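Trainee: Questions regarding the structure given below will be posed in turn.
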Amino acid sequence: MKPATPRLRPIGSKMVRATMLSAAAALFVASILLTVFQFISLRNALERDLQVQAHIVGSNSTAALMFSDASAQDEILGGLASSPSVVSATMYRSGRVLGRYLRDGIKGTLAAPPPITPDAELVATHKRHNFEYVEVLEPVHANGEVIGQVTIRASLGRLYQRLGTFAVFTLLVALGSFGLSWLLVARMRKAVRLAEEHLHFLAHVDPVTTLPNRHEFNERLAFALDCADRQETSACLLLLDLDNFKIVNDTLGHDSGDVLLKQVAQRLTGTLRSTDIICRLGGDEFVVIVEPPEDSEEPDRVANKILTALSESFMVQGHQLFVSASIGVSVYPQDAEDARSLMRCADTAMYHAKNKGKNGYEIFRPEMEQRAHKRLKLEANLRRALQNDELYLHYQPQIDVRSGRMTGVEVLVRWTCEELGTVSPAEFIPVAEESGVIVSLGRWVLQTACRQAAAWRDAGLLDTIEHVAVNLSACQTRDAGLMDEVAALLEETGLPARLLELEITEGVLMENVHANLELLQKIQAAGIHLSIDDFGTGYSSMSYLKRFPIDQLKIDRSFVSGVPGDGAAIATAIIAMAHSLNLSVVAEGVETEEQMRFLRDAGCDVMQGYYFARPLPADQLTALLTERRLWPTPQQA
Ligand SMILES: Nc1nc2c(ncn2[C@@H]2O[C@H](COP(=O)(O)O[C@H]3[C@@H](O)[C@H](n4cnc5c(=O)[nH]c(N)nc54)O[C@@H]3COP(=O)(O)O)[C@@H](O)[C@H]2O)c(=O)[nH]1
């Protein structure tokens with residue numbers, strides 16, 4: 001597979017980096033501010049100490065000053081030697097130096113000889129400082145008059161030593177906090193990274209198959225079309241939908257469905273070239289981008305390769321499964337100008353492949369879209385059909401091969417559209433299903449059939465008829481209110497439940513086994529006859545048939561048309577199996593005497609088909625019922 005588009009550096013890691021950098025900067029600035037604050041506090045404290053000392057020295061020096069006792073003065077000032085920061089002190093009287101103290105070993109500006117007269121600036125401010133020292137001046141009073149001044153100067157050297165210790169400690173605390181938060185953030189970062197990776201995985205990868213998902217597919221398709229534009233080549237899209245996957249899900253469970261999807265993904269990856277992009281769009285839909293196709297035959301080759309790869313059986317939790325796929329192919333730029341339209345073309349082609357009988361591929365052709373438009377037109381007309389009274393029913397007799405009597409009737413809807421003319425139910429029933437019109441259409445068929453059957457019964461025409469059979473569509477089987485409606489209808493028309501037969505195709509039944517089992521039980525409880533239509537085409541098994549409360553199987557027309565040739569073995573097997581389960585068997589689509597004879601000999605109970613009668617309008621069936629017609633029984637034929 002082609003590599004994914006380059007991943008952007010995750011936002012989380014950028015945020016962590018930015019957060020840690022700002023935290024480091026904040027801690028650094030805080031350490032500096034704390035140190036400056038500490039410096040100012042220590043210096044102010046030193047200044048206050050000096051002022052107190054100057055005051056004490058001044059108070060003690062009054063007598064020495066008054067008597068100009070220089071030696072007493074030196075002694076008093078010498079007492080300052082015990083304050084380690086004090087580097088010098090001077091006593092002035094009448095503008096001249098009376099005594100002084102100089103700390104031993106102090107040189108330079110700090111111990112500079114004091115000025116002959118007190119410093120004018122200091123006299124005015126009483127204190128001053130710079131980054132080397134702090135100096136204070138204290139006037140000495142006697143009898144209320146200033147008789148002299150004391151100045152003391154202290155070095156900031158010791159303060160700087162303490163400040164250094166404080167700064168180192170602050171820095172260590174800051175570094176420790178930073179290291180701790182780094183560790184915490186690193187752990188958090190790891191958790192965030194894992195979450196980011198998981199989110200990225202979920203956003204771009206399908207968790208079941210680990211193939212790129214729809215989101216990633218959109219990006220890669222856009223990229224592929226871009227490349228095709230730049231290099232003036234083409235790109236080919238194959239949309240693949242597994243046939244009957246729902247049956248696997250419903251019968252074996254979703255876990256088995258997931259295992260199957262995984263195996264399909266592995267098979268596709270193992271079959272296609274590493275440059276082909278394989279994605280899962282969701283459900284049972286996969287898509288392959290071939291870019292650029294080698295030649296115009298490439299789409300056919302790839303589609304055939306996929307179908308061949310999938311034709312081998314899969315082993316899923318002990319079950320051997322056969323899976324086929326319907327593939328729609330579209331090519332850029334010849335079919336569409338952008339990714340969205342290209343996808344729509346592949347989708348249209350895929351639906352054609354499905355309608356053609358599945359397990360195949362179709363390359364998009366523009367007329368396919370015309371068919372899609374025709375379908376839309378059909379749908380629009382169908383929506384008006386009920387109001388316009390364009391629908392009506394035909395009834396096809398079912399003949400008991402032992403007595404030759406008509407014992408049942410199948411109700412078949414017909415539509416003559418004002419705009420489109422007569423449309424076959426084979427064409428409009430699927431459209432009605434897809435568009436939801438089937439809900440009202442099915443309700444109308446049930447009502448009309450029950451009313452007609454009740455009218456025949458009231459006229460005493462149903463004495464040999466066991467059931468009037470109405471087809472149920474897939475949508476109707478999913479309608480939770482269906483059985484209430486049927487019960488109300490039987491009540492309203494007075495038709496006994498035993499006279500009504502509901503036909504559900506085997507395919508619909510197997511679409512959702514569990515929900516349908518519940519429906520079948522309700523039908524049985526209501527006393528309504530139950531028949532499985534198109535039997536042999538829907539992949540049910542003996543074990544299911546045993547569990548379902550059914551009365552009858554209808555052998556699909558495709559097998560009947562194959563007797564006494566290809567379909568013979570299947571038809572015979574169905575009859576034998578049905579009888580072993582105490583179910584009666586109806587063969588539908590019997591067209592020839594040969595078919596009738598074969599099925600009679602195989603033990604088929606009831607037959608229906610053009611050989612006996614076509615589906616007829618109500619009045620013609622009324623005539624047959626009134627006549628109480630007997631068909632030649634097989635034994636007599
Ligand atoms: N949900 C509903 N489905 C309905 C209803 N009415 C019809 N249908 C389904 O549409 C499909 C086509 O039906 P139709 O064109 O009516 O074909 C039926 C018969 O006319 C036809 N038939 C009967 N005998 C023969 C025969 O000898 N040869 C031959 N070539 N065709 C024959 O078979 C169709 C009956 O099929 P089935 O229902 O499977 O018994 C069809 O699937 C209908 O079921 C409706 O009201 N609701």
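Residue numbering restarts at 1 for every chain of the structure tokens, chains are lettered A, B, ... in their displayed order, and ligands are numbered from 1 as they appear.
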Within stretch 258-319 of chain A, find each residue whose DSSP state, derived from the backbone, is alpha helix (DSSP H), and express the selection as a ChimeraX atom specification.
Mentor: /A:258-271,298-311
Trainee: Write a file of the selected residues as a PDB file, in the first residue's frame, keeping C-alpha atoms.
Mentor:
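Below is the file selection_39.pdb, written as the result:
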ATOM      1  CA  ASP A 258     -15.771  -9.118  11.872  1.00  0.00           C
ATOM      2  CA  VAL A 259     -13.471 -12.122  11.456  1.00  0.00           C
ATOM      3  CA  LEU A 260     -14.744 -12.557   7.905  1.00  0.00           C
ATOM      4  CA  LEU A 261     -14.176  -8.862   7.111  1.00  0.00           C
ATOM      5  CA  LYS A 262     -10.636  -9.143   8.460  1.00  0.00           C
ATOM      6  CA  GLN A 263      -9.949 -12.162   6.275  1.00  0.00           C
ATOM      7  CA  VAL A 264     -11.433 -10.442   3.225  1.00  0.00           C
ATOM      8  CA  ALA A 265      -9.147  -7.453   3.897  1.00  0.00           C
ATOM      9  CA  GLN A 266      -6.130  -9.758   4.196  1.00  0.00           C
ATOM     10  CA  ARG A 267      -7.025 -11.511   0.991  1.00  0.00           C
ATOM     11  CA  LEU A 268      -7.420  -8.240  -0.878  1.00  0.00           C
ATOM     12  CA  THR A 269      -4.111  -6.965   0.473  1.00  0.00           C
ATOM     13  CA  GLY A 270      -2.387 -10.242  -0.460  1.00  0.00           C
ATOM     14  CA  THR A 271      -3.881 -10.224  -3.953  1.00  0.00           C
ATOM     15  CA  GLU A 298      -6.356  -2.787 -15.948  1.00  0.00           C
ATOM     16  CA  PRO A 299      -9.766  -2.194 -14.246  1.00  0.00           C
ATOM     17  CA  ASP A 300     -11.061  -5.509 -15.671  1.00  0.00           C
ATOM     18  CA  ARG A 301      -7.896  -7.315 -14.566  1.00  0.00           C
ATOM     19  CA  VAL A 302      -8.072  -5.937 -11.021  1.00  0.00           C
ATOM     20  CA  ALA A 303     -11.809  -6.670 -10.693  1.00  0.00           C
ATOM     21  CA  ASN A 304     -11.284 -10.247 -11.933  1.00  0.00           C
ATOM     22  CA  LYS A 305      -8.355 -10.697  -9.563  1.00  0.00           C
ATOM     23  CA  ILE A 306     -10.558  -9.636  -6.642  1.00  0.00           C
ATOM     24  CA  LEU A 307     -13.436 -11.930  -7.633  1.00  0.00           C
ATOM     25  CA  THR A 308     -11.049 -14.886  -8.049  1.00  0.00           C
ATOM     26  CA  ALA A 309      -9.402 -14.183  -4.704  1.00  0.00           C
ATOM     27  CA  LEU A 310     -12.762 -14.089  -2.940  1.00  0.00           C
ATOM     28  CA  SER A 311     -14.072 -17.224  -4.647  1.00  0.00           C
TER      29      SER A 311
END
Trainee: Hey, what's within 12 Å of A:Arg96 if we count only C-alpha atoms and toss same-chain stuff fewer than 4 positions away? As a PyMOL selection string, please?
Mentor: chain A and resi 65+68+70+90-92+100+114-119+147-150
Trainee: I need the chosen residues saved as a PDB file, in the first residue's frame, with C-alpha atoms.
Mentor:
ATOM      1  CA  LEU A  65      32.687  65.325  72.314  1.00  0.00           C
ATOM      2  CA  SER A  68      37.144  66.928  72.964  1.00  0.00           C
ATOM      3  CA  ALA A  70      39.974  62.060  71.348  1.00  0.00           C
ATOM      4  CA  THR A  90      34.175  58.826  62.183  1.00  0.00           C
ATOM      5  CA  MET A  91      33.238  61.347  64.859  1.00  0.00           C
ATOM      6  CA  TYR A  92      33.035  65.027  63.908  1.00  0.00           C
ATOM      7  CA  ARG A 100      37.904  57.550  63.808  1.00  0.00           C
ATOM      8  CA  PRO A 114      36.996  60.136  55.967  1.00  0.00           C
ATOM      9  CA  PRO A 115      36.578  63.663  54.694  1.00  0.00           C
ATOM     10  CA  ILE A 116      37.890  66.389  56.985  1.00  0.00           C
ATOM     11  CA  THR A 117      34.356  67.763  57.363  1.00  0.00           C
ATOM     12  CA  PRO A 118      31.156  65.700  57.378  1.00  0.00           C
ATOM     13  CA  ASP A 119      29.961  64.849  53.907  1.00  0.00           C
ATOM     14  CA  ILE A 147      27.379  69.226  69.067  1.00  0.00           C
ATOM     15  CA  GLY A 148      28.740  66.735  66.565  1.00  0.00           C
ATOM     16  CA  GLN A 149      28.058  63.860  64.118  1.00  0.00           C
ATOM     17  CA  VAL A 150      28.890  60.176  63.933  1.00  0.00           C
TER      18      VAL A 150
END
Trainee: Determine, counting only C-alpha atoms, which protein, DNA and RNA residues have an atom within 10 Å of an atom of A:Ile76; residues of the same chain fewer than 4 positions away are not included. Present the result as number ranges by chain.
Mentor: A: 56-58, 60-61, 64, 70-72, 80, 91, 99-101
Trainee: Write out the residues from the selection above, keeping N, CA and C atoms, as a PDB file, in the first residue's frame.
Mentor:
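Full text of part20.pdb as output:
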ATOM      1  N   ILE A  56      23.592  54.609  69.234  1.00  0.00           N
ATOM      2  CA  ILE A  56      24.219  54.217  70.512  1.00  0.00           C
ATOM      3  C   ILE A  56      25.575  54.892  70.656  1.00  0.00           C
ATOM      4  N   VAL A  57      26.346  54.850  69.552  1.00  0.00           N
ATOM      5  CA  VAL A  57      27.680  55.480  69.612  1.00  0.00           C
ATOM      6  C   VAL A  57      27.517  56.977  69.903  1.00  0.00           C
ATOM      7  N   GLY A  58      26.560  57.621  69.228  1.00  0.00           N
ATOM      8  CA  GLY A  58      26.332  59.059  69.415  1.00  0.00           C
ATOM      9  C   GLY A  58      25.977  59.372  70.865  1.00  0.00           C
ATOM     10  N   ASN A  60      26.676  57.609  73.496  1.00  0.00           N
ATOM     11  CA  ASN A  60      27.813  57.366  74.393  1.00  0.00           C
ATOM     12  C   ASN A  60      28.928  58.405  74.221  1.00  0.00           C
ATOM     13  N   SER A  61      28.867  59.164  73.119  1.00  0.00           N
ATOM     14  CA  SER A  61      29.991  60.041  72.813  1.00  0.00           C
ATOM     15  C   SER A  61      29.778  61.484  73.261  1.00  0.00           C
ATOM     16  N   ALA A  64      32.552  62.724  75.557  1.00  0.00           N
ATOM     17  CA  ALA A  64      33.836  62.776  74.857  1.00  0.00           C
ATOM     18  C   ALA A  64      33.859  63.948  73.878  1.00  0.00           C
ATOM     19  N   ALA A  70      39.780  62.879  72.555  1.00  0.00           N
ATOM     20  CA  ALA A  70      39.974  62.060  71.348  1.00  0.00           C
ATOM     21  C   ALA A  70      40.203  60.600  71.685  1.00  0.00           C
ATOM     22  N   SER A  71      40.945  60.321  72.790  1.00  0.00           N
ATOM     23  CA  SER A  71      41.225  58.896  73.082  1.00  0.00           C
ATOM     24  C   SER A  71      39.955  58.178  73.513  1.00  0.00           C
ATOM     25  N   ALA A  72      39.080  58.869  74.291  1.00  0.00           N
ATOM     26  CA  ALA A  72      37.797  58.249  74.683  1.00  0.00           C
ATOM     27  C   ALA A  72      36.966  57.989  73.433  1.00  0.00           C
ATOM     28  N   LEU A  80      33.018  49.310  67.659  1.00  0.00           N
ATOM     29  CA  LEU A  80      32.302  48.864  66.443  1.00  0.00           C
ATOM     30  C   LEU A  80      33.018  47.705  65.745  1.00  0.00           C
ATOM     31  N   MET A  91      33.958  60.425  63.960  1.00  0.00           N
ATOM     32  CA  MET A  91      33.238  61.347  64.859  1.00  0.00           C
ATOM     33  C   MET A  91      33.682  62.759  64.492  1.00  0.00           C
ATOM     34  N   GLY A  99      37.578  61.764  66.042  1.00  0.00           N
ATOM     35  CA  GLY A  99      38.063  60.389  66.231  1.00  0.00           C
ATOM     36  C   GLY A  99      37.603  59.520  65.067  1.00  0.00           C
ATOM     37  N   ARG A 100      38.330  58.412  64.911  1.00  0.00           N
ATOM     38  CA  ARG A 100      37.904  57.550  63.808  1.00  0.00           C
ATOM     39  C   ARG A 100      38.300  56.090  64.067  1.00  0.00           C
ATOM     40  N   TYR A 101      37.569  55.224  63.385  1.00  0.00           N
ATOM     41  CA  TYR A 101      37.874  53.796  63.473  1.00  0.00           C
ATOM     42  C   TYR A 101      37.977  53.271  62.046  1.00  0.00           C
TER      43      TYR A 101
END
Trainee: Neighbours of ligand 1 at 7 Å or closer, counting only C-alpha atoms and all ligand atoms: which residues, as a PDB file with C-alpha atoms, in the first residue's frame?
Mentor:
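File pocket_13.pdb, as written:
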ATOM      1  CA  VAL A 411     -52.358 -12.489  -4.602  1.00  0.00           C
ATOM      2  CA  LEU A 412     -50.091 -10.513  -6.994  1.00  0.00           C
ATOM      3  CA  VAL A 413     -50.137  -6.749  -7.296  1.00  0.00           C
ATOM      4  CA  ARG A 414     -50.311  -5.055 -10.706  1.00  0.00           C
ATOM      5  CA  SER A 424     -43.949  -5.306 -13.753  1.00  0.00           C
ATOM      6  CA  PRO A 425     -43.900  -5.890  -9.980  1.00  0.00           C
ATOM      7  CA  ALA A 426     -40.436  -7.359 -10.472  1.00  0.00           C
ATOM      8  CA  ILE A 429     -41.536  -3.774  -5.868  1.00  0.00           C
ATOM      9  CA  GLY A 442     -48.244  -3.513   1.197  1.00  0.00           C
ATOM     10  CA  VAL A 445     -52.554  -5.132  -0.954  1.00  0.00           C
ATOM     11  CA  VAL A 470     -50.319 -12.464   0.297  1.00  0.00           C
ATOM     12  CA  ASN A 471     -46.619 -11.642  -0.200  1.00  0.00           C
ATOM     13  CA  LEU A 472     -44.871  -9.742   2.595  1.00  0.00           C
ATOM     14  CA  SER A 473     -41.948  -7.513   1.669  1.00  0.00           C
ATOM     15  CA  ASP A 533     -41.382 -18.251  -0.808  1.00  0.00           C
ATOM     16  CA  ASP A 534     -38.528 -18.685  -3.325  1.00  0.00           C
ATOM     17  CA  ASP A 556     -38.377 -21.335  -6.374  1.00  0.00           C
ATOM     18  CA  GLU A 588     -44.258 -22.293  -8.415  1.00  0.00           C
ATOM     19  CA  GLY A 589     -43.812 -21.478 -12.093  1.00  0.00           C
ATOM     20  CA  VAL A 590     -44.952 -24.854 -13.438  1.00  0.00           C
ATOM     21  CA  GLU A 591     -45.249 -24.232 -17.175  1.00  0.00           C
ATOM     22  CA  GLN A 608     -48.952 -23.111  -9.412  1.00  0.00           C
ATOM     23  CA  GLY A 609     -47.976 -21.805 -12.835  1.00  0.00           C
ATOM     24  CA  TYR A 610     -48.967 -20.936 -16.369  1.00  0.00           C
ATOM     25  CA  TYR A 611     -49.580 -24.643 -17.032  1.00  0.00           C
ATOM     26  CA  ARG A 614     -51.933 -17.264 -15.197  1.00  0.00           C
ATOM     27  CA  PRO A 615     -52.550 -14.693 -12.472  1.00  0.00           C
TER      28      PRO A 615
END
Trainee: Could you give me, as a PyMOL selection string, the residues within 10 Å of A:Glu369, counting only C-alpha atoms and dropping anything in the same chain fewer than 3 positions from it?
Mentor: chain A and resi 344-345+348-349+364-366+372-375
Trainee: Those same residues, written as a PDB file, in the first residue's frame with C-alpha atoms?
Mentor:
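And here's out34.pdb as it stands now:
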ATOM      1  CA  ARG A 344     -21.149   8.088  -7.443  1.00  0.00           C
ATOM      2  CA  CYS A 345     -20.296   6.483 -10.807  1.00  0.00           C
ATOM      3  CA  THR A 348     -24.063   3.206  -9.806  1.00  0.00           C
ATOM      4  CA  ALA A 349     -21.935   0.553 -11.552  1.00  0.00           C
ATOM      5  CA  PHE A 364     -19.467   2.463 -15.347  1.00  0.00           C
ATOM      6  CA  ARG A 365     -21.227   3.571 -18.524  1.00  0.00           C
ATOM      7  CA  PRO A 366     -23.101   6.892 -18.847  1.00  0.00           C
ATOM      8  CA  ALA A 372     -30.909   5.721 -12.390  1.00  0.00           C
ATOM      9  CA  HIS A 373     -32.975   8.655 -13.675  1.00  0.00           C
ATOM     10  CA  LYS A 374     -35.554   6.228 -14.990  1.00  0.00           C
ATOM     11  CA  ARG A 375     -35.695   4.672 -11.581  1.00  0.00           C
TER      12      ARG A 375
END
Trainee: Considering only strand (DSSP E or B) as DSSP defines it on the backbone, what residues of stretch 74-153 of chain A qualify? List them as a ChimeraX atom specification.
Mentor: /A:86-93,96-102,127-129,133-142,145-153
Trainee: From the set A:Glu297, A:Asp241, A:Glu466, A:Asp400, which residue has the shortest atom-to-atom contact distance to A:Tyr351, counting only C-alpha atoms?
Mentor: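 Checking each candidate against A:Tyr351, we get A:Asp241 as the closest.
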Trainee: Using only C-alpha atoms, determine which residues lie at most 12 Å from A:Gly565, disregarding the query and same-chain residues fewer than 4 positions distant; provide the list as a PyMOL selection string.
Mentor: chain A and resi 558-561+569-572+594-595+598-599
Trainee: Pick out the closest residue to A:Phe217 from this set: A:Leu175, A:Met510, A:Leu239, A:Ala353. Count only C-alpha atoms.
Mentor: A:Leu239
Trainee: Compare A:Val123, A:Leu221, A:Leu281, A:Leu98 by their minimum atom-to-atom distance to A:Phe67, counting only C-alpha atoms, and give me the closest one.
Mentor: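 Of A:Val123, A:Leu221, A:Leu281, A:Leu98, the one nearest A:Phe67, counting only C-alpha atoms, is A:Leu98.
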Trainee: Determine, counting only C-alpha atoms, which protein, DNA and RNA residues have an atom within 12 Å of an atom of A:Gly157; residues of the same chain fewer than 6 positions away are not included. Present the result as a ChimeraX atom specification.
Mentor: /A:39,42-43,46,84-87,106,110,131-134,163-164
Trainee: Using N, CA and C atoms, can you export the residues from the last selection as an mmCIF file, in the first residue's frame?
Mentor:
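Generated output (part06.cif):
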data_model
loop_
_atom_site.group_PDB
_atom_site.id
_atom_site.type_symbol
_atom_site.label_atom_id
_atom_site.label_comp_id
_atom_site.auth_asym_id
_atom_site.auth_seq_id
_atom_site.Cartn_x
_atom_site.Cartn_y
_atom_site.Cartn_z
ATOM 1 N N PHE A 39 18.047 41.012 48.337
ATOM 2 C CA PHE A 39 19.146 41.986 48.430
ATOM 3 C C PHE A 39 18.653 43.286 49.073
ATOM 4 N N LEU A 42 17.918 42.742 52.794
ATOM 5 C CA LEU A 42 19.126 42.625 53.626
ATOM 6 C C LEU A 42 19.803 43.981 53.788
ATOM 7 N N ARG A 43 19.822 44.706 52.662
ATOM 8 C CA ARG A 43 20.495 46.017 52.726
ATOM 9 C C ARG A 43 19.731 46.957 53.651
ATOM 10 N N LEU A 46 20.521 46.050 57.158
ATOM 11 C CA LEU A 46 21.867 46.496 57.533
ATOM 12 C C LEU A 46 21.846 47.992 57.842
ATOM 13 N N PRO A 84 30.990 42.857 62.214
ATOM 14 C CA PRO A 84 31.906 42.479 61.133
ATOM 15 C C PRO A 84 31.715 43.264 59.838
ATOM 16 N N SER A 85 30.537 43.842 59.626
ATOM 17 C CA SER A 85 30.333 44.551 58.352
ATOM 18 C C SER A 85 30.884 45.970 58.388
ATOM 19 N N VAL A 86 31.021 46.534 59.611
ATOM 20 C CA VAL A 86 31.453 47.933 59.725
ATOM 21 C C VAL A 86 32.917 48.037 59.315
ATOM 22 N N VAL A 87 33.191 48.917 58.368
ATOM 23 C CA VAL A 87 34.578 49.066 57.916
ATOM 24 C C VAL A 87 35.204 50.370 58.418
ATOM 25 N N ILE A 106 41.310 46.591 55.557
ATOM 26 C CA ILE A 106 40.338 47.077 54.566
ATOM 27 C C ILE A 106 41.002 48.163 53.748
ATOM 28 N N LEU A 110 36.325 51.622 50.282
ATOM 29 C CA LEU A 110 35.530 51.361 51.480
ATOM 30 C C LEU A 110 36.163 51.962 52.723
ATOM 31 N N PHE A 131 26.401 49.964 45.565
ATOM 32 C CA PHE A 131 26.560 48.499 45.525
ATOM 33 C C PHE A 131 27.773 48.010 46.310
ATOM 34 N N GLU A 132 28.539 48.972 46.932
ATOM 35 C CA GLU A 132 29.705 48.550 47.711
ATOM 36 C C GLU A 132 29.454 48.680 49.211
ATOM 37 N N TYR A 133 28.745 49.735 49.571
ATOM 38 C CA TYR A 133 28.604 49.962 51.013
ATOM 39 C C TYR A 133 27.299 50.680 51.314
ATOM 40 N N VAL A 134 27.054 50.736 52.684
ATOM 41 C CA VAL A 134 25.931 51.505 53.220
ATOM 42 C C VAL A 134 26.536 52.443 54.264
ATOM 43 N N LEU A 163 23.690 36.730 50.169
ATOM 44 C CA LEU A 163 22.814 36.783 48.994
ATOM 45 C C LEU A 163 23.160 35.653 48.003
ATOM 46 N N GLY A 164 24.483 35.413 47.886
ATOM 47 C CA GLY A 164 24.936 34.325 46.984
ATOM 48 C C GLY A 164 24.354 33.004 47.440
#
